[in-house]
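Enquirer: Attaching a single structure in structure tokens format; questions to follow.
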Protein chains: 4
Amino acid sequence: MIIVLKPEASSEHTERLLASISAAGLKPLHMPGSERVVLGALGDERILAELHLESDPMVESVKPILAPYKLVSRELHPHDTIVRIGGMAIGGTVFQVIAGPCAVESRDQTRNTALAVKAAGASALRAGAYKPRTSPYGFAGHGPSGLTILREIGDELGLPIVTEVMDTADLELVSLHADALQIGARNMQNFSLLRAVGKAGKPVVLKRGMSAKIEELLLAAEYLLAAGNDQVVLVERGIRTFETATRNTLDLNAIPYIKQRTHLPVLVDPSHGTGVRELVIPMALAAAACGADGLLVEVHEDPAVALSDGAQSLYPDQFAALMAALGSVVRAVGRQM
Amino acid sequence: MIIVLKPEASSEHTERLLASISAAGLKPLHMPGSERVVLGALGDERILAELHLESDPMVESVKPILAPYKLVSRELHPHDTIVRIGGMAIGGTVFQVIAGPCAVESRDQTRNTALAVKAAGASALRAGAYKPRTSPYGFAGHGPSGLTILREIGDELGLPIVTEVMDTADLELVSLHADALQIGARNMQNFSLLRAVGKAGKPVVLKRGMSAKIEELLLAAEYLLAAGNDQVVLVERGIRTFETATRNTLDLNAIPYIKQRTHLPVLVDPSHGTGVRELVIPMALAAAACGADGLLVEVHEDPAVALSDGAQSLYPDQFAALMAALGSVVRAVGRQM
Amino acid sequence: MIIVLKPEASSEHTERLLASISAAGLKPLHMPGSERVVLGALGDERILAELHLESDPMVESVKPILAPYKLVSRELHPHDTIVRIGGMAIGGTVFQVIAGPCAVESRDQTRNTALAVKAAGASALRAGAYKPRTSPYGFAGHGPSGLTILREIGDELGLPIVTEVMDTADLELVSLHADALQIGARNMQNFSLLRAVGKAGKPVVLKRGMSAKIEELLLAAEYLLAAGNDQVVLVERGIRTFETATRNTLDLNAIPYIKQRTHLPVLVDPSHGTGVRELVIPMALAAAACGADGLLVEVHEDPAVALSDGAQSLYPDQFAALMAALGSVVRAVGRQM
Amino acid sequence: MIIVLKPEASSEHTERLLASISAAGLKPLHMPGSERVVLGALGDERILAELHLESDPMVESVKPILAPYKLVSRELHPHDTIVRIGGMAIGGTVFQVIAGPCAVESRDQTRNTALAVKAAGASALRAGAYKPRTSPYGFAGHGPSGLTILREIGDELGLPIVTEVMDTADLELVSLHADALQIGARNMQNFSLLRAVGKAGKPVVLKRGMSAKIEELLLAAEYLLAAGNDQVVLVERGIRTFETATRNTLDLNAIPYIKQRTHLPVLVDPSHGTGVRELVIPMALAAAACGADGLLVEVHEDPAVALSDGAQSLYPDQFAALMAALGSVVRAVGRQM
């Protein structure tokens, strides 16, 4: 429920209302605005009805939050949330590009790729130290030593680090090294991980599951916000369909849909979204045109020898070409690089 | 097979080769270029092997067409095909917009909408006289009288007419009134219709089936080209997936994929591709950014009373806003409106 | 609307009610039962409300048909419809098996396969004279001469013939030779064909489209019934999903769903539903167990040389094994072979 | 690689071969059979080639394991694995039924349901103490106290307990109370959990992810076997498709496909596989007919008040009817209840 107070409501009155919401077993929210205070109450709406808040003299209106996701919804929070990862702000007027290799394979490979993406204008480095792999026999990342490499390169080059955490047991260590915690597509509904990451105090980059409905992505984000963290960036990375020409079907419909309904920023991952190197640049431009707040792109110093995702990783000169091409599209929709 | 002749091959020699291809029961193709002649041979490639064309003294090379679609492939025809519908050229440097109501409901409704889309800059009018409807009790279009209305409005306003043909029995009448024949998503694999429309001598607008793989769309186009018609425009209009927030999932991956592999122009239909009015403009911009040759958009003078597709039809002022927004994105990718 | 009359309603009164339904522009239906008469009225339900039938002294109750499909629904027609194709009755207590090759390739191939399936206990012969093919270069069937072969073999062996019609232009010829007209998956929403076939006076075997929702299949059947033909057999033949291990995903959920909501019989095609010969027998048994009224199975005298669908066609001895295995499952669910 | 030894190979020779496989960095497997010994070597097959095992005098043949899953494959292990959960054996001649409520809501609700399913013939009790929920505001289970309830009821009634573990942090506690650990559909690719559960020394019930290809399910099982646990039961529980009439599309094709390629037993969950109570019984019969080794079924003493999955839970008398109907189908395919 959203409870809009009258301008003349005192802070004591506001406190009393919050206390009564809490006493009824609901989660109270306090959202002071420039003109009036708005309160929220999350939980069983039947209980709320019994509080008869609409008859309180200082309450102007009470209305339900229609979406199943509450904290994530623009109904409750109309203004865009800006997520800060290191010095990078996602969700404002600047279109941000996070790039790097699929995995930390070695210090040299990671550093060379990081140098290349920084030179071309990327704002942050992405790479995996822990890699989810369909087969138990695939390369699953270097783990802790990969994290160390990432942190050192991030510090050297002044690039914020975005890397995946796959297990609550690794959360402390990953949090120590990363500037933002990525939750991968396969873990989007790993609810134990969502709850733990929500409490870790780090910005989160949450990827859509490969067969998740948009509403399910928003409810996964709701787990993070309900745990006290509103620094959440969503990522559209393609969904699983019958089409086999591409690895996934990039669902760009999701971008304006999410932007209209939520206050969280949303990135597009055209690498996983296509699985085909030749399609990455045009889909990155499409992402910018339809309102995404930035990109998550795989780049490798030499994709032909990459241990994973080689077929979808850009060569460094292709990434530079992408950055050059992005500018005019980004400006055409009223943003900057 | 693609047979590249040496520059010194005489026209008599070329004729002899074509005749031997034909005599072997294969379909010969003659593609003279500025520097040398290229021949094609379509059919059972095992038969072709027996002709031993690679040992002919005037043959420089023989290579297979790897794609299952042949005439549609860039392997055989590297340059972009430009399709002319009335005075409109699709596939060149101009990004074209075809707009109009889902159906011809009345002369006034069609004319008012046509006036609005023309004023905003549309190049052609789309509207259905024959409507495929999931239920036998839905409005299925006015048929012949709808065609007459379309032709008269097209002539009055100087707008080429694109309209759907659903049955070989209606083909002659629709051809008489339309500037281009649309084959709808549900008929993309109506092979009898494809064969008949391929011979009708009119440009064709071929929509992707709602569960058609891209390769199947290209093979459907191959039916048209194999029947002698290369004036074919493809349309991505969304595919059926598990996502229910939108009517379909617009598969923009298909645009660069198709442009890279075929010489045919491709449009995007963001109206069916989303099914949600609020998503049409951003997805139209995304289509322009990833290389589409134009749009097919539903506009209605008053969507609230539309007999079909009201929820996805733009209001005239929204269409004008779309046309205004498109310009800078189209220019950002090196094309014009 | 369903209008239940009181037992004492006279036939004159019934006629008057039907006339008033008709005069209002709705389609009247007359369904005399053993105890009382039920009327139906199809069309715009708002108009019907104005007739105030519920206040007629001889009307016991008026209730809406909730399903979007009306004539197909059990709400309107509670008892199972039995469809007769030649001497075979589908939808009763006997589980029926229709078998044969994908296509008529030659008289010998068709006759040998027909002899084998008849010997093993099949009740009807299926084979295509007109074949829908994804590529224009595939074998598309022998057309009229294929029909002649089918008719002669059907007459010789006493097997009813089920074969596909793909175009309204071929309808008369196919009707002349076939005992039942099959509408293929790709034509399930070819509404012109549905309307024409509905009027042809032959039983229809309607296959579910590869991405058709069950409701869309039932609405396609509604086209046939609305055209005056209630001799319609539905076929579940697998839907298109992300799974690539099988050609399609056989949706057996559809069988009890359809049986509970409609009065039409439903067959299962485990050949297209799996695309893999080794899966055909177990899925055929599953179909019998969950309530299907029979099977449509592809069998070829020598699948290794089949011009189409070889990988999913049973060898004759496998078909015999299937028929032997079916008996006890069919009896386990209370039916007979 | 599969290395088949000659009958006369000594155990010393066998040891030496295993040691050389191990020394090359590959995982050795020892599979003594009644007539001869078979060895396996898992890992990079290029390394293996350098061992030249095929030239060893005691090696009869060396052949690659073609499937990407190795330990799970029948190529390596041709005979059916029987998984023992408490006193219940899954994968043998007896068709086993595991039933119970979605969640432990209270001791009474769980015990009453357990009594009912035991009386009707179920072999084990399923119920969740930890529940994955799409929304953070849904009932997520009673956790540890739910486990206690389950253990006590299991001991009282002599029913083995199958319950879900969602987090590596809960693994020890769940292992202490459960007879088998269930990995839910959303966690099928939670690789950290798979690795930890593989080492826990308890039988595992692994559910197919809602958009997992069959091959991905088998690779998820491979994680468990690679961690040393071959007591793994697979579960087909429906996949996500475009169909909205049912909650999921039960993919029974997967049953014979899995049984032909792997030695692990496979159950069917017709409750999640349909999401509709009325479809559960027919789909359970279909599962038995196509070769499943048993069922996982949701039953609730009063589904109308269930905190989760009420719409798909059977009433106790429906479950009794299911058990009664199963017998003859199970016997029809040569098994027993």
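In the structure tokens, chains take letters A, B, ... by order of appearance, with residues numbered from 1 within each chain and ligands from 1 in the order shown.
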Distance limit 10 Å, atoms considered: only C-alpha atoms. Which chain B residues sit that close to chain A? Return them as a short mmCIF file (atom, residue, chain, number, x, y, z; two decimals) with all heavy atoms, in the first residue's frame.

Expert:
```
data_model
loop_
_atom_site.label_atom_id
_atom_site.label_comp_id
_atom_site.auth_asym_id
_atom_site.auth_seq_id
_atom_site.Cartn_x
_atom_site.Cartn_y
_atom_site.Cartn_z
N SER B 211 6.23 -18.73 -35.20
CA SER B 211 7.21 -19.67 -34.63
C SER B 211 8.19 -20.14 -35.69
O SER B 211 8.73 -21.23 -35.59
CB SER B 211 6.51 -20.86 -33.99
OG SER B 211 5.96 -21.67 -34.99
N ALA B 212 8.40 -19.30 -36.69
CA ALA B 212 9.33 -19.68 -37.76
C ALA B 212 10.75 -19.33 -37.38
O ALA B 212 11.03 -18.22 -36.92
CB ALA B 212 8.95 -18.96 -39.05
N LYS B 213 11.65 -20.28 -37.58
CA LYS B 213 13.06 -19.98 -37.47
C LYS B 213 13.45 -19.05 -38.63
O LYS B 213 12.79 -19.05 -39.67
CB LYS B 213 13.88 -21.27 -37.56
CG LYS B 213 13.56 -22.23 -36.43
CD LYS B 213 14.53 -23.41 -36.42
CE LYS B 213 14.13 -24.37 -35.29
NZ LYS B 213 15.16 -25.36 -35.02
N ILE B 214 14.51 -18.30 -38.43
CA ILE B 214 14.93 -17.37 -39.49
C ILE B 214 15.16 -18.15 -40.78
O ILE B 214 14.77 -17.70 -41.87
CB ILE B 214 16.21 -16.62 -39.06
CG1 ILE B 214 15.95 -15.81 -37.79
CG2 ILE B 214 16.69 -15.70 -40.18
CD1 ILE B 214 17.22 -15.19 -37.19
N GLU B 215 15.78 -19.31 -40.67
CA GLU B 215 16.05 -20.09 -41.88
C GLU B 215 14.76 -20.47 -42.61
O GLU B 215 14.72 -20.51 -43.84
CB GLU B 215 16.83 -21.35 -41.50
CG GLU B 215 17.26 -22.13 -42.72
CD GLU B 215 18.16 -23.30 -42.36
OE1 GLU B 215 19.23 -23.06 -41.77
OE2 GLU B 215 17.80 -24.45 -42.66
N GLY B 238 8.04 -10.32 -34.59
CA GLY B 238 7.93 -10.91 -33.26
C GLY B 238 7.66 -12.40 -33.34
O GLY B 238 6.97 -12.86 -34.24
N ILE B 239 8.21 -13.13 -32.40
CA ILE B 239 8.03 -14.57 -32.34
C ILE B 239 7.34 -14.94 -31.04
O ILE B 239 7.30 -14.16 -30.08
CB ILE B 239 9.37 -15.33 -32.48
CG1 ILE B 239 10.38 -14.91 -31.40
CG2 ILE B 239 9.95 -15.13 -33.87
CD1 ILE B 239 11.67 -15.71 -31.40
N ARG B 240 6.82 -16.15 -31.02
CA ARG B 240 6.09 -16.63 -29.85
C ARG B 240 7.09 -17.27 -28.88
O ARG B 240 7.80 -18.18 -29.23
CB ARG B 240 5.06 -17.65 -30.31
CG ARG B 240 4.21 -18.16 -29.22
CD ARG B 240 2.96 -18.82 -29.74
NE ARG B 240 1.88 -17.84 -29.89
CZ ARG B 240 0.62 -18.17 -30.17
NH1 ARG B 240 0.29 -19.43 -30.38
NH2 ARG B 240 -0.30 -17.24 -30.28
N THR B 241 7.09 -16.77 -27.65
CA THR B 241 7.97 -17.31 -26.62
C THR B 241 7.14 -17.49 -25.35
O THR B 241 5.93 -17.27 -25.34
CB THR B 241 9.14 -16.34 -26.32
OG1 THR B 241 8.64 -15.17 -25.64
CG2 THR B 241 9.83 -15.90 -27.61
N PHE B 242 7.83 -17.82 -24.26
CA PHE B 242 7.14 -18.00 -22.98
C PHE B 242 6.76 -16.67 -22.34
O PHE B 242 5.98 -16.63 -21.39
CB PHE B 242 8.04 -18.78 -22.01
CG PHE B 242 9.33 -18.04 -21.69
CD1 PHE B 242 9.34 -17.02 -20.74
CD2 PHE B 242 10.48 -18.33 -22.36
CE1 PHE B 242 10.51 -16.31 -20.48
CE2 PHE B 242 11.66 -17.63 -22.10
CZ PHE B 242 11.67 -16.62 -21.16
N GLU B 243 7.33 -15.55 -22.82
CA GLU B 243 7.08 -14.25 -22.18
C GLU B 243 5.65 -13.80 -22.45
O GLU B 243 5.21 -13.78 -23.59
CB GLU B 243 8.08 -13.22 -22.71
CG GLU B 243 7.89 -11.82 -22.15
CD GLU B 243 8.01 -11.79 -20.62
OE1 GLU B 243 9.13 -11.89 -20.10
OE2 GLU B 243 6.95 -11.67 -19.96
N THR B 244 4.93 -13.42 -21.38
CA THR B 244 3.55 -13.01 -21.54
C THR B 244 3.34 -11.51 -21.30
O THR B 244 2.23 -11.01 -21.50
CB THR B 244 2.63 -13.79 -20.58
OG1 THR B 244 3.18 -13.68 -19.26
CG2 THR B 244 2.56 -15.25 -20.96
N ALA B 245 4.39 -10.79 -20.92
CA ALA B 245 4.24 -9.34 -20.70
C ALA B 245 3.99 -8.62 -22.02
O ALA B 245 3.38 -7.55 -22.04
CB ALA B 245 5.50 -8.78 -20.03
N THR B 246 4.48 -9.20 -23.10
CA THR B 246 4.28 -8.64 -24.42
C THR B 246 3.58 -9.70 -25.29
O THR B 246 3.64 -10.89 -25.01
CB THR B 246 5.63 -8.26 -25.06
OG1 THR B 246 6.54 -9.36 -24.93
CG2 THR B 246 6.22 -7.05 -24.37
N ASN B 248 4.23 -10.61 -28.39
CA ASN B 248 5.26 -11.43 -29.01
C ASN B 248 6.60 -10.92 -28.51
O ASN B 248 6.67 -9.87 -27.86
CB ASN B 248 5.21 -11.28 -30.54
CG ASN B 248 3.99 -11.93 -31.15
OD1 ASN B 248 3.84 -13.13 -31.11
ND2 ASN B 248 3.09 -11.12 -31.68
N THR B 249 7.67 -11.66 -28.80
CA THR B 249 9.02 -11.19 -28.50
C THR B 249 9.65 -10.74 -29.81
O THR B 249 9.87 -11.56 -30.71
CB THR B 249 9.85 -12.33 -27.87
OG1 THR B 249 9.26 -12.67 -26.60
CG2 THR B 249 11.29 -11.90 -27.64
N LEU B 250 9.88 -9.45 -29.94
CA LEU B 250 10.47 -8.91 -31.17
C LEU B 250 11.91 -9.41 -31.25
O LEU B 250 12.72 -9.12 -30.37
CB LEU B 250 10.41 -7.38 -31.15
CG LEU B 250 10.81 -6.70 -32.46
CD1 LEU B 250 9.85 -7.07 -33.60
CD2 LEU B 250 10.85 -5.19 -32.29
N ASP B 251 12.22 -10.14 -32.30
CA ASP B 251 13.55 -10.76 -32.43
C ASP B 251 14.43 -9.89 -33.32
O ASP B 251 14.63 -10.18 -34.50
CB ASP B 251 13.39 -12.17 -33.00
CG ASP B 251 14.74 -12.87 -33.16
OD1 ASP B 251 15.74 -12.38 -32.61
OD2 ASP B 251 14.79 -13.90 -33.86
N LEU B 252 14.97 -8.83 -32.76
CA LEU B 252 15.80 -7.94 -33.57
C LEU B 252 17.13 -8.58 -33.96
O LEU B 252 17.74 -8.16 -34.95
CB LEU B 252 16.03 -6.60 -32.86
CG LEU B 252 14.78 -5.71 -32.78
CD1 LEU B 252 15.11 -4.39 -32.09
CD2 LEU B 252 14.20 -5.43 -34.17
N ASN B 253 17.58 -9.59 -33.23
CA ASN B 253 18.75 -10.36 -33.70
C ASN B 253 18.59 -10.74 -35.17
O ASN B 253 19.58 -10.84 -35.90
CB ASN B 253 18.88 -11.69 -32.92
CG ASN B 253 19.48 -11.53 -31.54
OD1 ASN B 253 19.94 -10.46 -31.16
ND2 ASN B 253 19.46 -12.60 -30.76
N ALA B 254 17.35 -10.98 -35.57
CA ALA B 254 17.10 -11.44 -36.94
C ALA B 254 17.51 -10.40 -37.97
O ALA B 254 17.83 -10.76 -39.10
CB ALA B 254 15.62 -11.80 -37.11
N ILE B 255 17.49 -9.13 -37.61
CA ILE B 255 17.76 -8.09 -38.62
C ILE B 255 19.20 -8.17 -39.12
O ILE B 255 19.42 -8.37 -40.32
CB ILE B 255 17.39 -6.69 -38.07
CG1 ILE B 255 15.93 -6.66 -37.61
CG2 ILE B 255 17.66 -5.61 -39.12
CD1 ILE B 255 14.93 -7.07 -38.66
N PRO B 256 20.21 -8.00 -38.25
CA PRO B 256 21.56 -8.11 -38.81
C PRO B 256 21.85 -9.51 -39.35
O PRO B 256 22.59 -9.65 -40.32
CB PRO B 256 22.47 -7.76 -37.62
CG PRO B 256 21.62 -7.89 -36.40
CD PRO B 256 20.22 -7.58 -36.84
N TYR B 257 21.26 -10.52 -38.76
CA TYR B 257 21.48 -11.89 -39.25
C TYR B 257 21.00 -12.00 -40.71
O TYR B 257 21.71 -12.52 -41.57
CB TYR B 257 20.72 -12.89 -38.36
CG TYR B 257 21.00 -14.34 -38.69
CD1 TYR B 257 21.97 -15.04 -38.01
CD2 TYR B 257 20.29 -15.00 -39.69
CE1 TYR B 257 22.25 -16.38 -38.31
CE2 TYR B 257 20.55 -16.33 -40.00
CZ TYR B 257 21.52 -17.02 -39.31
OH TYR B 257 21.78 -18.33 -39.61
N GLN B 260 23.10 -9.83 -43.18
CA GLN B 260 24.42 -10.38 -43.49
C GLN B 260 24.34 -11.56 -44.46
O GLN B 260 25.25 -11.79 -45.24
CB GLN B 260 25.13 -10.80 -42.19
CG GLN B 260 25.56 -9.60 -41.34
CD GLN B 260 26.02 -9.96 -39.93
OE1 GLN B 260 26.27 -11.12 -39.62
NE2 GLN B 260 26.11 -8.96 -39.06
N PRO B 270 7.00 -3.19 -35.27
CA PRO B 270 7.03 -3.10 -33.80
C PRO B 270 5.64 -3.15 -33.18
O PRO B 270 5.53 -3.30 -31.95
CB PRO B 270 7.69 -1.73 -33.55
CG PRO B 270 7.32 -0.91 -34.74
CD PRO B 270 7.25 -1.88 -35.91
N GLY B 273 5.16 -6.86 -32.95
CA GLY B 273 6.35 -7.32 -32.24
C GLY B 273 6.30 -7.08 -30.75
O GLY B 273 7.07 -7.69 -29.99
N THR B 274 5.41 -6.17 -30.33
CA THR B 274 5.28 -5.89 -28.90
C THR B 274 3.84 -6.12 -28.44
O THR B 274 3.61 -6.65 -27.36
CB THR B 274 5.65 -4.42 -28.57
OG1 THR B 274 4.73 -3.55 -29.24
CG2 THR B 274 7.08 -4.12 -29.02
N VAL B 276 1.98 -3.83 -27.52
CA VAL B 276 1.75 -2.84 -26.47
C VAL B 276 2.15 -1.47 -27.01
O VAL B 276 3.30 -1.24 -27.37
CB VAL B 276 2.63 -3.16 -25.23
CG1 VAL B 276 2.38 -2.16 -24.12
CG2 VAL B 276 2.40 -4.59 -24.76
N GLU B 278 2.80 1.38 -25.80
CA GLU B 278 3.87 2.15 -25.15
C GLU B 278 5.27 1.66 -25.55
O GLU B 278 6.26 2.35 -25.29
CB GLU B 278 3.73 2.07 -23.64
CG GLU B 278 2.58 2.89 -23.08
CD GLU B 278 1.21 2.32 -23.41
OE1 GLU B 278 1.12 1.10 -23.67
OE2 GLU B 278 0.23 3.08 -23.46
N LEU B 279 5.34 0.47 -26.12
CA LEU B 279 6.65 -0.07 -26.48
C LEU B 279 6.98 0.14 -27.96
O LEU B 279 8.09 -0.14 -28.40
CB LEU B 279 6.71 -1.57 -26.16
CG LEU B 279 6.39 -1.96 -24.71
CD1 LEU B 279 6.53 -3.47 -24.53
CD2 LEU B 279 7.29 -1.24 -23.72
N VAL B 280 6.02 0.64 -28.73
CA VAL B 280 6.22 0.72 -30.19
C VAL B 280 7.33 1.70 -30.56
O VAL B 280 8.21 1.38 -31.36
CB VAL B 280 4.89 1.07 -30.89
CG1 VAL B 280 5.13 1.40 -32.36
CG2 VAL B 280 3.91 -0.09 -30.76
N ILE B 281 7.30 2.89 -29.97
CA ILE B 281 8.30 3.89 -30.37
C ILE B 281 9.72 3.44 -30.02
O ILE B 281 10.59 3.43 -30.89
CB ILE B 281 7.96 5.28 -29.79
CG1 ILE B 281 6.67 5.79 -30.46
CG2 ILE B 281 9.11 6.27 -30.03
CD1 ILE B 281 6.21 7.16 -30.00
N PRO B 282 10.02 3.04 -28.77
CA PRO B 282 11.40 2.62 -28.52
C PRO B 282 11.85 1.45 -29.39
O PRO B 282 13.00 1.41 -29.83
CB PRO B 282 11.40 2.23 -27.03
CG PRO B 282 10.00 2.33 -26.54
CD PRO B 282 9.22 3.10 -27.53
N MET B 283 10.96 0.52 -29.69
CA MET B 283 11.39 -0.62 -30.50
C MET B 283 11.55 -0.22 -31.97
O MET B 283 12.36 -0.80 -32.69
CB MET B 283 10.41 -1.78 -30.34
CG MET B 283 10.34 -2.33 -28.92
SD MET B 283 11.95 -2.47 -28.10
CE MET B 283 12.62 -3.86 -28.99
N ALA B 284 10.80 0.78 -32.40
CA ALA B 284 11.00 1.29 -33.77
C ALA B 284 12.39 1.92 -33.88
O ALA B 284 13.10 1.74 -34.87
CB ALA B 284 9.91 2.29 -34.12
N LEU B 285 12.79 2.65 -32.85
CA LEU B 285 14.12 3.26 -32.87
C LEU B 285 15.20 2.17 -32.85
O LEU B 285 16.22 2.27 -33.55
CB LEU B 285 14.29 4.19 -31.67
CG LEU B 285 13.30 5.36 -31.58
CD1 LEU B 285 13.61 6.21 -30.34
CD2 LEU B 285 13.35 6.23 -32.83
N ALA B 286 14.98 1.13 -32.05
CA ALA B 286 15.95 0.03 -32.00
C ALA B 286 16.07 -0.64 -33.37
O ALA B 286 17.17 -1.01 -33.80
CB ALA B 286 15.52 -0.99 -30.94
N ALA B 287 14.94 -0.78 -34.05
CA ALA B 287 14.95 -1.40 -35.38
C ALA B 287 15.82 -0.59 -36.34
O ALA B 287 16.63 -1.14 -37.09
CB ALA B 287 13.53 -1.51 -35.91
N ALA B 288 15.65 0.71 -36.29
CA ALA B 288 16.46 1.58 -37.16
C ALA B 288 17.94 1.44 -36.81
O ALA B 288 18.81 1.36 -37.69
CB ALA B 288 16.00 3.02 -37.03
N ALA B 289 18.25 1.37 -35.51
CA ALA B 289 19.65 1.33 -35.08
C ALA B 289 20.35 0.04 -35.49
O ALA B 289 21.56 0.05 -35.74
CB ALA B 289 19.73 1.51 -33.56
N CYS B 290 19.62 -1.08 -35.56
CA CYS B 290 20.31 -2.34 -35.86
C CYS B 290 20.28 -2.69 -37.33
O CYS B 290 20.69 -3.78 -37.71
CB CYS B 290 19.77 -3.48 -35.01
SG CYS B 290 18.10 -3.98 -35.40
N GLY B 291 19.82 -1.76 -38.18
CA GLY B 291 20.00 -1.96 -39.61
C GLY B 291 18.79 -2.34 -40.42
O GLY B 291 18.92 -2.67 -41.60
N ALA B 325 11.21 11.36 -33.94
CA ALA B 325 12.33 10.76 -33.19
C ALA B 325 13.22 9.90 -34.08
O ALA B 325 14.42 9.76 -33.82
CB ALA B 325 11.77 9.91 -32.05
N LEU B 326 12.64 9.34 -35.13
CA LEU B 326 13.40 8.41 -35.98
C LEU B 326 14.57 9.09 -36.69
O LEU B 326 15.64 8.49 -36.83
CB LEU B 326 12.49 7.81 -37.06
CG LEU B 326 11.81 6.48 -36.78
CD1 LEU B 326 10.85 6.15 -37.91
CD2 LEU B 326 12.83 5.36 -36.61
N GLY B 327 14.36 10.32 -37.12
CA GLY B 327 15.34 10.99 -37.97
C GLY B 327 16.76 10.90 -37.45
O GLY B 327 17.68 10.46 -38.16
N SER B 328 16.96 11.27 -36.20
CA SER B 328 18.34 11.34 -35.73
C SER B 328 18.94 9.94 -35.55
O SER B 328 20.14 9.75 -35.76
CB SER B 328 18.43 12.16 -34.44
OG SER B 328 17.51 11.69 -33.50
N VAL B 329 18.12 8.95 -35.18
CA VAL B 329 18.66 7.57 -35.09
C VAL B 329 19.02 7.05 -36.48
O VAL B 329 20.08 6.45 -36.69
CB VAL B 329 17.66 6.63 -34.38
CG1 VAL B 329 18.17 5.19 -34.40
CG2 VAL B 329 17.42 7.08 -32.94
N VAL B 330 18.14 7.27 -37.43
CA VAL B 330 18.40 6.82 -38.80
C VAL B 330 19.69 7.46 -39.33
O VAL B 330 20.54 6.77 -39.91
CB VAL B 330 17.18 7.17 -39.70
CG1 VAL B 330 17.55 7.10 -41.17
CG2 VAL B 330 16.01 6.24 -39.39
N ARG B 331 19.86 8.75 -39.08
CA ARG B 331 21.09 9.41 -39.55
C ARG B 331 22.31 8.89 -38.79
O ARG B 331 23.40 8.79 -39.35
CB ARG B 331 20.97 10.93 -39.41
CG ARG B 331 20.11 11.56 -40.53
CD ARG B 331 20.14 13.06 -40.50
NE ARG B 331 19.57 13.60 -39.26
CZ ARG B 331 18.27 13.80 -39.04
NH1 ARG B 331 17.38 13.51 -39.98
NH2 ARG B 331 17.86 14.28 -37.89
N ALA B 332 22.13 8.56 -37.52
CA ALA B 332 23.26 8.06 -36.72
C ALA B 332 23.83 6.76 -37.28
O ALA B 332 25.00 6.44 -37.06
CB ALA B 332 22.83 7.85 -35.26
N VAL B 333 23.01 6.00 -38.00
CA VAL B 333 23.53 4.77 -38.61
C VAL B 333 23.72 4.94 -40.12
O VAL B 333 23.82 3.95 -40.86
CB VAL B 333 22.62 3.55 -38.31
CG1 VAL B 333 22.68 3.22 -36.82
CG2 VAL B 333 21.19 3.78 -38.75
#
```

Enquirer: From a DSSP calculation on the backbone, collect every residue of region 183-235 of chain A in helix (DSSP H, G or I) and output the set as a ChimeraX atom specification.

Expert: /A:185-187,191-198,214-226

Enquirer: What lies within 12 Å of His263 (chain C) using only C-alpha atoms, ignoring chain neighbours under 2 positions off, as number ranges by chain?

Expert: C: 69-83, 90-92, 218, 221-222, 225, 230-234, 256-261, 265-266, 293

Enquirer: In Å, with one decimal, what is the gap from CA of Ala324 (chain C) to CA of Gly294 (chain C)?

Expert: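 Separation between CA of Ala324 (chain C) and CA of Gly294 (chain C): 14.6 Å.
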
Enquirer: So that I can check the surroundings of region 35-38 of chain A, please list as JSON, numbers by chain every protein, DNA and RNA residue that reaches within 12 Å of it, counting only C-alpha atoms and ignoring chain neighbours fewer than 6 positions away.

Expert: {"A": [1, 2, 3, 4, 5, 6, 7, 8, 9, 10, 11, 13, 14, 15, 17, 18, 28, 29, 58, 59, 60, 61, 62, 63, 75, 76, 77, 78]}

Enquirer: Find the residue from A:Pro136, A:Ile65, A:Ala124, A:Gln96 that sits nearest to Leu42 (chain D); use only C-alpha atoms when measuring.

Expert: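 Smallest distance to Leu42 (chain D) is found for A:Pro136.
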
Enquirer: From the options C:Arg84, C:Pro64, C:Lys27, C:Gly146, which residue's atoms come nearest to Ala226 (chain C), counting only C-alpha atoms?

Expert: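 Among the listed residues, the smallest separation from Ala226 (chain C) belongs to C:Lys27.
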
Enquirer: Could you write out, as a ChimeraX atom specification, all the residues of region 206-331 of chain A that DSSP marks as strand (DSSP E or B)?

Expert: /A:206-207,232-236,239,249,262,266-268,294-299,314
